[in-house]
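Text of the file final_30.cif, holding mmCIF, C-alpha atoms:
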```
data_work
loop_
_atom_site.label_atom_id
_atom_site.label_comp_id
_atom_site.auth_asym_id
_atom_site.auth_seq_id
_atom_site.Cartn_x
_atom_site.Cartn_y
_atom_site.Cartn_z
CA MET H 779 190.37 17.70 -61.65
CA SER H 780 188.37 15.62 -59.21
CA PHE H 781 188.03 11.87 -59.15
CA HIS H 782 184.96 10.00 -57.98
CA CYS H 783 185.23 6.40 -56.91
CA SER H 784 182.14 4.24 -57.20
CA THR H 785 181.67 2.02 -54.19
CA ILE H 786 179.82 -1.25 -53.80
CA SER H 787 177.18 -1.17 -51.10
CA THR H 788 178.09 -3.14 -48.01
CA ILE H 789 174.60 -2.96 -46.55
CA TYR H 790 173.31 -6.51 -46.79
CA HIS H 791 169.96 -8.05 -45.95
CA TYR H 792 169.93 -10.33 -42.94
CA LEU H 793 166.99 -12.30 -41.62
CA PRO H 794 165.69 -11.28 -38.19
CA ASP H 795 167.27 -13.21 -35.32
CA GLU H 796 163.94 -14.83 -34.46
CA THR H 797 163.55 -16.13 -38.01
CA GLN H 798 167.10 -17.49 -38.04
CA LYS H 799 166.43 -19.27 -34.75
CA GLU H 800 163.22 -20.82 -36.07
CA LEU H 801 164.89 -22.02 -39.26
CA ARG H 802 167.70 -23.61 -37.24
CA ILE H 803 165.18 -25.48 -35.09
CA ILE H 804 163.34 -26.81 -38.14
CA THR H 805 166.53 -28.00 -39.88
CA LYS H 806 167.78 -29.62 -36.68
CA THR H 807 164.54 -31.56 -36.38
CA LEU H 808 164.53 -32.62 -40.04
CA LEU H 809 168.17 -33.72 -39.83
CA ALA H 810 167.92 -35.60 -36.54
CA PRO H 811 170.43 -38.50 -36.41
CA GLY H 812 169.02 -41.74 -37.79
CA LYS H 813 166.15 -40.09 -39.64
CA GLY H 814 165.43 -38.93 -43.17
CA ILE H 815 162.75 -37.37 -45.34
CA LEU H 816 160.05 -39.11 -47.38
CA ALA H 817 159.43 -37.43 -50.73
CA ALA H 818 155.72 -37.98 -51.42
CA ASP H 819 155.33 -34.91 -53.61
CA GLU H 820 154.63 -36.53 -56.96
CA SER H 821 152.41 -34.44 -59.18
CA VAL H 822 149.15 -35.82 -60.54
CA SER H 823 150.85 -37.01 -63.73
CA SER H 824 153.86 -38.51 -61.93
CA ILE H 825 151.85 -40.52 -59.42
CA GLY H 826 149.59 -41.52 -62.29
CA ARG H 827 152.46 -43.42 -63.87
CA LYS H 828 153.05 -45.28 -60.63
CA LEU H 829 149.36 -46.14 -60.23
CA LYS H 830 149.26 -47.33 -63.83
CA ASP H 831 152.06 -49.79 -63.03
CA ILE H 832 149.76 -51.47 -60.49
CA ASN H 833 146.70 -51.20 -62.77
CA LEU H 834 144.98 -48.47 -60.78
CA GLU H 835 143.10 -45.50 -62.20
CA ASN H 836 144.75 -42.15 -61.57
CA SER H 837 141.79 -40.78 -59.64
CA GLU H 838 141.78 -38.30 -56.74
CA GLU H 839 140.38 -41.01 -54.48
CA ASN H 840 143.10 -43.53 -55.34
CA ARG H 841 145.75 -40.87 -54.76
CA ARG H 842 144.17 -40.09 -51.40
CA LYS H 843 144.08 -43.75 -50.40
CA TYR H 844 147.74 -44.18 -51.21
CA ARG H 845 148.80 -41.05 -49.34
CA LYS H 846 146.74 -42.20 -46.36
CA LEU H 847 148.50 -45.57 -46.46
CA LEU H 848 151.86 -43.82 -46.20
CA PHE H 849 150.96 -41.20 -43.63
CA SER H 850 149.04 -43.52 -41.29
CA THR H 851 151.89 -46.03 -41.00
CA GLU H 852 152.36 -46.74 -37.31
CA ASN H 853 155.68 -45.59 -35.79
CA LEU H 854 156.79 -43.99 -39.06
CA GLY H 855 158.23 -41.12 -37.04
CA GLU H 856 160.94 -43.42 -35.70
CA TYR H 857 162.77 -43.13 -39.02
CA ILE H 858 161.11 -40.28 -40.93
CA SER H 859 161.44 -36.68 -39.75
CA GLY H 860 159.59 -34.93 -42.57
CA VAL H 861 157.39 -35.62 -45.59
CA VAL H 862 157.37 -33.51 -48.75
CA CYS H 863 153.76 -33.23 -49.91
CA PHE H 864 152.06 -32.19 -53.13
CA HIS H 865 149.57 -29.29 -52.97
CA GLU H 866 146.56 -31.57 -53.43
CA THR H 867 147.55 -33.70 -50.45
CA LEU H 868 147.39 -30.81 -47.98
CA PHE H 869 143.61 -30.66 -48.28
CA GLN H 870 142.82 -34.37 -48.47
CA LYS H 871 141.25 -36.05 -45.47
CA ALA H 872 141.42 -39.43 -43.79
CA ASP H 873 138.48 -41.84 -43.85
CA ASP H 874 136.71 -40.04 -40.98
CA GLU H 875 136.37 -37.00 -43.30
CA GLU H 876 137.49 -34.73 -40.47
CA THR H 877 141.19 -35.45 -39.99
CA LEU H 878 143.53 -33.98 -42.60
CA LEU H 879 146.13 -36.37 -43.95
CA ILE H 880 148.91 -34.04 -42.81
CA ASP H 881 147.45 -34.22 -39.28
CA LEU H 882 148.36 -37.92 -39.36
CA LEU H 883 151.96 -36.81 -39.81
CA ARG H 884 151.83 -34.24 -37.04
CA GLU H 885 150.50 -36.87 -34.66
CA LYS H 886 153.74 -38.79 -35.28
CA ARG H 887 155.86 -35.65 -34.79
CA ILE H 888 156.70 -35.66 -38.51
CA ILE H 889 157.03 -32.22 -40.11
CA PRO H 890 154.89 -31.65 -43.21
CA GLY H 891 156.66 -29.99 -46.13
CA ILE H 892 155.53 -28.88 -49.56
CA LYS H 893 156.81 -28.98 -53.13
CA VAL H 894 156.53 -25.40 -54.38
CA ASP H 895 158.02 -25.53 -57.87
CA LYS H 896 155.59 -25.91 -60.76
CA GLY H 897 157.70 -28.21 -62.90
CA VAL H 898 160.29 -27.68 -65.56
CA VAL H 899 159.84 -25.78 -68.82
CA PRO H 900 162.10 -25.44 -71.88
CA LEU H 901 164.98 -22.98 -71.64
CA TYR H 902 165.06 -21.52 -75.12
CA GLY H 903 168.44 -20.91 -76.69
CA THR H 904 169.81 -24.20 -75.33
CA GLU H 905 170.02 -27.80 -76.49
CA ASP H 906 166.79 -29.10 -74.97
CA GLU H 907 167.65 -27.86 -71.48
CA CYS H 908 165.17 -26.75 -68.83
CA THR H 909 164.48 -24.21 -66.15
CA THR H 910 161.91 -24.41 -63.36
CA GLN H 911 158.77 -22.28 -63.04
CA GLY H 912 156.83 -21.12 -59.99
CA ILE H 913 158.68 -18.06 -58.72
CA ASP H 914 156.10 -15.41 -59.66
CA ASP H 915 153.50 -16.23 -56.99
CA LEU H 916 155.80 -18.02 -54.56
CA GLY H 917 155.52 -15.46 -51.77
CA PRO H 918 151.72 -15.66 -51.32
CA ARG H 919 151.85 -19.45 -51.60
CA CYS H 920 154.56 -19.67 -48.93
CA GLU H 921 152.44 -17.51 -46.65
CA GLN H 922 149.51 -19.89 -47.14
CA TYR H 923 151.60 -23.02 -46.64
CA LYS H 924 153.15 -21.71 -43.43
CA LYS H 925 149.69 -21.03 -42.00
CA ILE H 926 148.62 -24.56 -42.90
CA GLY H 927 151.63 -25.95 -41.04
CA CYS H 928 154.24 -26.68 -43.72
CA HIS H 929 157.60 -25.70 -42.25
CA PHE H 930 159.85 -26.67 -45.15
CA ALA H 931 159.64 -26.64 -48.92
CA LYS H 932 161.35 -28.25 -51.91
CA TRP H 933 162.33 -26.87 -55.31
CA ARG H 934 163.77 -29.07 -58.04
CA CYS H 935 165.68 -28.16 -61.17
CA VAL H 936 167.39 -30.56 -63.55
CA PHE H 937 170.62 -30.64 -65.52
CA LYS H 938 171.30 -32.98 -68.43
CA ILE H 939 174.78 -34.31 -69.10
CA GLY H 940 175.50 -34.37 -72.83
CA GLN H 941 178.30 -33.56 -75.19
CA ARG H 942 177.65 -29.82 -74.78
CA THR H 943 175.40 -29.76 -71.72
CA PRO H 944 174.79 -28.48 -69.18
CA SER H 945 175.44 -25.10 -70.74
CA ASP H 946 176.67 -22.09 -68.81
CA LEU H 947 173.30 -20.45 -69.45
CA ALA H 948 171.36 -23.37 -67.94
CA ILE H 949 173.63 -23.47 -64.90
CA ARG H 950 173.37 -19.71 -64.27
CA GLU H 951 169.62 -19.53 -64.85
CA ASN H 952 168.78 -22.45 -62.57
CA ALA H 953 171.24 -21.41 -59.87
CA ASN H 954 169.71 -17.94 -59.75
CA THR H 955 166.18 -19.36 -59.67
CA ILE H 956 167.09 -21.69 -56.80
CA ALA H 957 168.54 -18.76 -54.85
CA ARG H 958 165.44 -16.64 -55.40
CA TYR H 959 163.24 -19.50 -54.22
CA ALA H 960 165.36 -20.06 -51.11
CA SER H 961 165.30 -16.37 -50.23
CA VAL H 962 161.52 -16.16 -50.52
CA CYS H 963 160.99 -19.30 -48.41
CA GLN H 964 163.18 -18.03 -45.62
CA ALA H 965 161.38 -14.68 -45.61
CA TYR H 966 158.23 -16.65 -44.71
CA ARG H 967 160.05 -18.77 -42.07
CA ILE H 968 160.10 -21.88 -44.26
CA VAL H 969 163.24 -24.00 -44.59
CA PRO H 970 164.12 -24.39 -48.28
CA ILE H 971 165.34 -27.72 -49.60
CA ILE H 972 167.20 -26.98 -52.82
CA GLU H 973 167.40 -29.79 -55.38
CA PRO H 974 169.76 -29.17 -58.31
CA GLU H 975 169.60 -32.67 -59.80
CA ILE H 976 172.13 -33.96 -62.32
CA LEU H 977 170.09 -36.49 -64.29
CA ALA H 978 171.40 -40.02 -64.63
CA ASP H 979 170.31 -40.26 -68.28
CA GLY H 980 173.09 -40.99 -70.77
CA ASN H 981 176.34 -42.91 -70.98
CA HIS H 982 178.59 -40.43 -69.19
CA THR H 983 181.36 -41.57 -66.88
CA LEU H 984 181.48 -41.22 -63.12
CA LEU H 985 184.21 -38.58 -63.48
CA ARG H 986 182.05 -36.56 -65.90
CA CYS H 987 179.18 -36.65 -63.41
CA GLN H 988 181.53 -35.49 -60.67
CA LYS H 989 182.88 -32.53 -62.64
CA VAL H 990 179.41 -31.42 -63.76
CA THR H 991 178.04 -31.69 -60.22
CA GLU H 992 180.95 -29.62 -58.91
CA LYS H 993 180.29 -26.88 -61.48
CA VAL H 994 176.57 -26.83 -60.72
CA LEU H 995 176.90 -26.81 -56.92
CA SER H 996 179.57 -24.11 -57.06
CA ALA H 997 177.27 -21.90 -59.14
CA VAL H 998 174.32 -22.59 -56.85
CA PHE H 999 176.15 -21.60 -53.68
CA LYS H 1000 177.54 -18.51 -55.39
CA ALA H 1001 173.97 -17.49 -56.24
CA LEU H 1002 172.79 -18.25 -52.70
CA SER H 1003 175.51 -15.95 -51.40
CA ASP H 1004 174.48 -13.22 -53.84
CA HIS H 1005 170.91 -13.44 -52.52
CA ASP H 1006 172.02 -13.42 -48.85
CA VAL H 1007 170.40 -16.79 -48.16
CA PHE H 1008 170.86 -18.03 -44.59
CA LEU H 1009 172.83 -21.25 -45.16
CA GLU H 1010 172.30 -22.58 -41.63
CA GLY H 1011 168.60 -22.66 -42.46
CA LEU H 1012 168.90 -24.55 -45.74
CA ILE H 1013 169.14 -28.21 -46.79
CA LEU H 1014 170.77 -29.41 -50.01
CA LYS H 1015 169.13 -32.29 -51.82
CA THR H 1016 171.58 -33.60 -54.37
CA ASN H 1017 172.42 -36.57 -56.54
CA MET H 1018 175.12 -39.06 -55.70
CA ILE H 1019 178.05 -39.22 -58.09
CA THR H 1020 177.32 -42.16 -60.40
CA GLN H 1021 177.90 -43.11 -64.01
CA GLY H 1022 175.12 -42.67 -66.58
CA GLN H 1023 172.42 -45.32 -66.74
CA MET H 1024 173.57 -46.34 -70.25
CA SER H 1025 177.24 -46.54 -69.32
CA LYS H 1026 178.86 -49.96 -69.50
CA ASP H 1027 181.24 -49.06 -66.69
CA LYS H 1028 180.39 -50.26 -63.20
CA PHE H 1029 181.59 -48.72 -59.97
CA SER H 1030 181.51 -50.06 -56.45
CA PRO H 1031 179.59 -48.34 -53.64
CA GLU H 1032 182.97 -47.40 -52.17
CA GLU H 1033 184.04 -45.64 -55.40
CA ILE H 1034 180.72 -43.81 -55.57
CA ALA H 1035 181.10 -42.84 -51.92
CA GLU H 1036 184.56 -41.39 -52.40
CA ALA H 1037 183.60 -39.39 -55.51
CA THR H 1038 180.44 -38.08 -53.83
CA THR H 1039 182.18 -37.08 -50.60
CA VAL H 1040 185.03 -35.32 -52.41
CA THR H 1041 182.54 -33.43 -54.59
CA LEU H 1042 180.68 -32.14 -51.55
CA GLN H 1043 183.92 -31.18 -49.85
CA ARG H 1044 184.91 -29.10 -52.85
CA THR H 1045 181.63 -27.21 -53.22
CA VAL H 1046 179.36 -27.14 -50.15
CA PRO H 1047 180.10 -24.66 -47.35
CA PRO H 1048 180.48 -26.39 -43.97
CA ILE H 1049 177.85 -24.12 -42.40
CA VAL H 1050 175.04 -25.62 -44.54
CA ALA H 1051 172.57 -27.37 -42.22
CA GLY H 1052 172.68 -30.73 -43.96
CA ILE H 1053 172.58 -32.81 -47.14
CA ALA H 1054 169.80 -35.20 -48.14
CA PHE H 1055 170.49 -37.38 -51.18
CA LEU H 1056 167.98 -38.14 -53.90
CA SER H 1057 167.62 -41.65 -55.27
CA GLY H 1058 167.04 -40.86 -58.95
CA GLY H 1059 168.44 -43.35 -61.43
CA GLN H 1060 169.10 -46.04 -58.84
CA TYR H 1061 167.38 -49.24 -57.84
CA GLN H 1062 165.68 -49.18 -54.46
CA ASP H 1063 168.24 -51.14 -52.47
CA GLU H 1064 171.12 -49.67 -54.48
CA ALA H 1065 170.28 -46.20 -53.15
CA THR H 1066 170.39 -47.56 -49.59
CA ILE H 1067 173.72 -49.33 -50.09
CA ASN H 1068 175.32 -46.25 -51.66
CA LEU H 1069 174.04 -43.97 -48.87
CA ASN H 1070 175.53 -46.35 -46.33
CA ALA H 1071 178.86 -46.41 -48.18
CA ILE H 1072 178.97 -42.60 -48.31
CA ASN H 1073 178.49 -42.30 -44.56
CA LYS H 1074 181.00 -45.06 -43.82
CA PHE H 1075 183.58 -43.41 -46.07
CA ALA H 1076 182.99 -39.98 -44.54
CA ASN H 1077 183.21 -41.41 -41.02
CA GLN H 1078 186.34 -43.50 -41.58
CA THR H 1079 188.54 -41.14 -43.59
CA SER H 1080 190.44 -38.04 -42.62
CA LEU H 1081 188.04 -35.92 -44.68
CA CYS H 1082 185.91 -33.65 -42.53
CA LYS H 1083 182.16 -34.31 -42.63
CA PRO H 1084 180.61 -31.08 -41.35
CA TRP H 1085 177.03 -31.92 -42.35
CA PRO H 1086 174.57 -34.76 -41.68
CA LEU H 1087 174.35 -36.95 -44.80
CA THR H 1088 170.86 -38.42 -44.96
CA PHE H 1089 168.12 -39.15 -47.50
CA CYS H 1090 165.12 -37.51 -49.12
CA TYR H 1091 163.87 -40.50 -51.08
CA GLY H 1092 160.75 -41.06 -53.15
CA ARG H 1093 161.10 -44.19 -55.27
CA ALA H 1094 163.71 -45.75 -52.97
CA LEU H 1095 161.13 -45.77 -50.18
CA GLN H 1096 157.96 -46.38 -52.17
CA THR H 1097 158.65 -48.79 -55.04
CA SER H 1098 158.16 -52.06 -53.15
CA VAL H 1099 155.41 -50.48 -51.01
CA LEU H 1100 153.33 -49.86 -54.13
CA GLN H 1101 154.02 -53.36 -55.40
CA VAL H 1102 152.88 -54.93 -52.13
CA TRP H 1103 149.76 -52.76 -51.89
CA GLY H 1104 148.60 -53.04 -55.48
CA GLY H 1105 145.46 -51.09 -54.63
CA ASN H 1106 144.17 -53.91 -52.42
CA GLU H 1107 142.71 -52.60 -49.16
CA HIS H 1108 143.42 -55.96 -47.51
CA LYS H 1109 147.16 -55.42 -48.09
CA VAL H 1110 147.44 -51.97 -46.53
CA VAL H 1111 149.04 -53.25 -43.32
CA GLN H 1112 151.45 -55.43 -45.29
CA ALA H 1113 152.43 -52.45 -47.44
CA GLN H 1114 152.95 -50.32 -44.34
CA GLU H 1115 155.22 -52.98 -42.89
CA GLU H 1116 157.24 -52.81 -46.11
CA LEU H 1117 157.47 -49.03 -45.78
CA MET H 1118 158.86 -49.43 -42.26
CA ILE H 1119 161.46 -51.92 -43.53
CA ARG H 1120 162.60 -49.45 -46.20
CA ALA H 1121 162.56 -46.47 -43.82
CA LYS H 1122 164.55 -48.36 -41.19
CA ALA H 1123 167.14 -49.52 -43.75
CA ASN H 1124 167.75 -45.99 -45.00
CA ALA H 1125 167.80 -44.57 -41.48
CA GLU H 1126 170.57 -47.04 -40.65
CA ALA H 1127 172.37 -46.14 -43.88
CA SER H 1128 172.28 -42.46 -42.88
CA LEU H 1129 174.47 -43.49 -39.94
CA GLY H 1130 176.68 -45.86 -41.95
CA GLN H 1131 175.23 -48.81 -40.02
CA TYR H 1132 173.15 -50.59 -42.65
CA ILE H 1133 173.76 -54.32 -43.11
CA ARG H 1134 172.04 -55.83 -46.11
CA SER H 1135 170.02 -58.89 -45.14
CA SER H 1136 168.69 -61.77 -47.21
CA GLN H 1137 165.25 -60.16 -46.82
CA THR H 1138 166.28 -57.26 -49.03
CA GLU H 1139 168.44 -59.07 -51.58
CA ASP H 1140 165.56 -59.61 -53.98
CA GLN H 1141 163.91 -56.23 -53.42
CA GLN H 1142 165.62 -54.18 -56.07
CA GLY H 1143 162.24 -53.04 -57.33
CA GLU H 1144 161.34 -51.77 -60.77
CA GLU H 1145 163.75 -50.40 -63.31
CA PRO H 1146 164.86 -46.96 -62.12
CA GLU H 1147 163.47 -44.06 -64.11
CA THR H 1148 164.41 -40.46 -64.51
CA VAL H 1149 161.48 -38.07 -64.70
CA VAL H 1150 162.34 -34.65 -66.07
CA ASN H 1151 158.98 -32.96 -65.63
CA ASN H 1152 157.31 -34.13 -62.44
#
```
Go ahead and express the file in the form of structure tokens.
Amino acid sequence: MSFHCSTISTIYHYLPDETQKELRIITKTLLAPGKGILAADESVSSIGRKLKDINLENSEENRRKYRKLLFSTENLGEYISGVVCFHETLFQKADDEETLLIDLLREKRIIPGIKVDKGVVPLYGTEDECTTQGIDDLGPRCEQYKKIGCHFAKWRCVFKIGQRTPSDLAIRENANTIARYASVCQAYRIVPIIEPEILADGNHTLLRCQKVTEKVLSAVFKALSDHDVFLEGLILKTNMITQGQMSKDKFSPEEIAEATTVTLQRTVPPIVAGIAFLSGGQYQDEATINLNAINKFANQTSLCKPWPLTFCYGRALQTSVLQVWGGNEHKVVQAQEELMIRAKANAEASLGQYIRSSQTEDQQGEEPETVVNN
């Protein structure tokens, strides 16, 4: 009688050395000390809600004017290393009708990036949970974006904390989708930013948020390993550990910092290039204060901090800018000055060196929102 042992293949896929080197260079530039990423990738419907708040029509021209305001801000590259763009923005031009808006970024040595997911869709068989679409044609789109000059991308999926959510199915499905996206991006020499966001909706506790985030991140990095994703060429965009927006409990920035740092220590491999926090569910200045507390905690404790801890903020950089601008062309410079104030504050917070001044005490901005389908 003969016995046959089945063996698991040990032939794995590795990116070419040249591609690995290029991805390392891009991540190093994006994660330069004292800099962060501006998320300006709102879809047409998402930016429409923001324009409505300042009584502006959601027209292509108004969207172009606002993007131009952001991208033409003088010296923005002092604090911003990259900007995540929406597809429409890549082909919009400045007022001279010759210069592309993304060329305004390149002039400031800011790397253009692109949101490549196509929004969330229902995940049937779950309690109102979601998955993210856009994988099917991702390869050809990445090839196009790389030629245009986008050297990093972003993919967002969302998880809802409820009595029975997130489900194992939702965690597995989204983790696998994130890994497939990251693998495709890297094949086209694009740095993937992965964004598995735990939504702040609900009345859950800080501890519940921590445990859910740990489960999600653990599943995500397991999937990334299964897909042979090059972790040194990847950036994690994640939520801070906070209580739900409807929770009556309040936690200090120091408590949030400790819970967030411990969560990352438990789940994120030290070889990952860096971590950029999202600001969802927080007031504008609150996101800055918490980022500062996280970096101070990580710098002052015995816990190892193997990655840069910076920001990839949308609302936390733009809320007061929109309010100052209000669609008035005579207030463009004033709005740009506000953008520089917010960018500088968060850049300092990424180093644990932010000191809140009286100038920012009344700049909490609008009520924070959580957008599931952007």
**OP:** List the residues matched by the PyMOL selection byres ((chain H and resi 867) around 8) in the displayed structure as a PyMOL selection string, ordered by chain and then by residue number.
**Re:** chain H and resi 842+845+863-866+868-870+879-880
Original post:
Which residues come within 8 Å of Gln798 in chain H, counting all atoms listed in the file, excluding same-chain residues fewer than 5 positions away, as a PyMOL selection string?
Top reply: chain H and resi 793+1008+1011
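Of the residues under consideration (H:Lys813, H:Arg950, H:Lys799, H:His929), H:His929 shows the shortest atom-to-atom contact distance to Ile971 in chain H when counting only C-alpha atoms.
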Original post:
Could you write out as a ChimeraX atom specification the residues that the PyMOL selection byres ((chain H and resi 849-862) around 8) matches in the shown file?
Top reply: /H:807-810,812-819,845-848,863-864,879-880,882-883,886-893,931-932,1114-1115,1117-1118,1121-1122,1125
Subject >> Coordinates-based distance that separates CA of Lys1015 in chain H from CA of Glu796 in chain H (Å, one decimal) >> reply: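 Spanning CA of Glu796 in chain H to CA of Lys1015 in chain H is a straight-line distance of 25.2 Å.
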**OP:** Evaluate the PyMOL selection byres ((chain H and resi 1042) around 12) on the structure here and hand back the selected residues as a ChimeraX atom specification.
**Re:** /H:988-989,991-996,999,1014-1019,1035-1041,1043-1048,1050,1052-1055,1072,1076,1081-1087
Can I get the selected residues back with C-alpha atoms, as an mmCIF file, keeping the file's coordinate frame?
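part01.cif was written with the following content:
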```cif
data_model
loop_
_atom_site.group_PDB
_atom_site.id
_atom_site.type_symbol
_atom_site.label_atom_id
_atom_site.label_comp_id
_atom_site.auth_asym_id
_atom_site.auth_seq_id
_atom_site.Cartn_x
_atom_site.Cartn_y
_atom_site.Cartn_z
ATOM 1 C CA GLN H 988 181.530 -35.490 -60.670
ATOM 2 C CA LYS H 989 182.880 -32.530 -62.640
ATOM 3 C CA THR H 991 178.040 -31.690 -60.220
ATOM 4 C CA GLU H 992 180.950 -29.620 -58.910
ATOM 5 C CA LYS H 993 180.290 -26.880 -61.480
ATOM 6 C CA VAL H 994 176.570 -26.830 -60.720
ATOM 7 C CA LEU H 995 176.900 -26.810 -56.920
ATOM 8 C CA SER H 996 179.570 -24.110 -57.060
ATOM 9 C CA PHE H 999 176.150 -21.600 -53.680
ATOM 10 C CA LEU H 1014 170.770 -29.410 -50.010
ATOM 11 C CA LYS H 1015 169.130 -32.290 -51.820
ATOM 12 C CA THR H 1016 171.580 -33.600 -54.370
ATOM 13 C CA ASN H 1017 172.420 -36.570 -56.540
ATOM 14 C CA MET H 1018 175.120 -39.060 -55.700
ATOM 15 C CA ILE H 1019 178.050 -39.220 -58.090
ATOM 16 C CA ALA H 1035 181.100 -42.840 -51.920
ATOM 17 C CA GLU H 1036 184.560 -41.390 -52.400
ATOM 18 C CA ALA H 1037 183.600 -39.390 -55.510
ATOM 19 C CA THR H 1038 180.440 -38.080 -53.830
ATOM 20 C CA THR H 1039 182.180 -37.080 -50.600
ATOM 21 C CA VAL H 1040 185.030 -35.320 -52.410
ATOM 22 C CA THR H 1041 182.540 -33.430 -54.590
ATOM 23 C CA GLN H 1043 183.920 -31.180 -49.850
ATOM 24 C CA ARG H 1044 184.910 -29.100 -52.850
ATOM 25 C CA THR H 1045 181.630 -27.210 -53.220
ATOM 26 C CA VAL H 1046 179.360 -27.140 -50.150
ATOM 27 C CA PRO H 1047 180.100 -24.660 -47.350
ATOM 28 C CA PRO H 1048 180.480 -26.390 -43.970
ATOM 29 C CA VAL H 1050 175.040 -25.620 -44.540
ATOM 30 C CA GLY H 1052 172.680 -30.730 -43.960
ATOM 31 C CA ILE H 1053 172.580 -32.810 -47.140
ATOM 32 C CA ALA H 1054 169.800 -35.200 -48.140
ATOM 33 C CA PHE H 1055 170.490 -37.380 -51.180
ATOM 34 C CA ILE H 1072 178.970 -42.600 -48.310
ATOM 35 C CA ALA H 1076 182.990 -39.980 -44.540
ATOM 36 C CA LEU H 1081 188.040 -35.920 -44.680
ATOM 37 C CA CYS H 1082 185.910 -33.650 -42.530
ATOM 38 C CA LYS H 1083 182.160 -34.310 -42.630
ATOM 39 C CA PRO H 1084 180.610 -31.080 -41.350
ATOM 40 C CA TRP H 1085 177.030 -31.920 -42.350
ATOM 41 C CA PRO H 1086 174.570 -34.760 -41.680
ATOM 42 C CA LEU H 1087 174.350 -36.950 -44.800
#
```
Original post:
Using all atoms listed in the file, which of H:Gly1104, H:Gly1059, H:Gly903, H:Gly1022 sits nearest Gly1092 in chain H?
Top reply: H:Gly1059
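The gap separating CA of His791 in chain H from CA of Thr955 in chain H is 18.2 Å, in Å to one decimal.
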**OP:** Fewer than 4 positions away in the same chain doesn't count, so skip those; otherwise give me all residues within 10 Å of range 910-916 of chain H, counting all atoms listed in the file, as a PyMOL selection string.
**Re:** chain H and resi 894-901+920-922+933-936+951-952+955-956+958-959+962-963+1151
**OP:** Pick out the residues sitting within 10 Å of Asp1027 in chain H, and hand them over as a list of chain:residue names; count all atoms listed in the file, and ignore anything fewer than 3 positions along from it in its own chain.
**Re:**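 Non-adjacent residues within range: H:Asn981, H:His982, H:Thr983, H:Leu984, H:Gln1021, H:Gly1022, H:Gln1023, H:Met1024.
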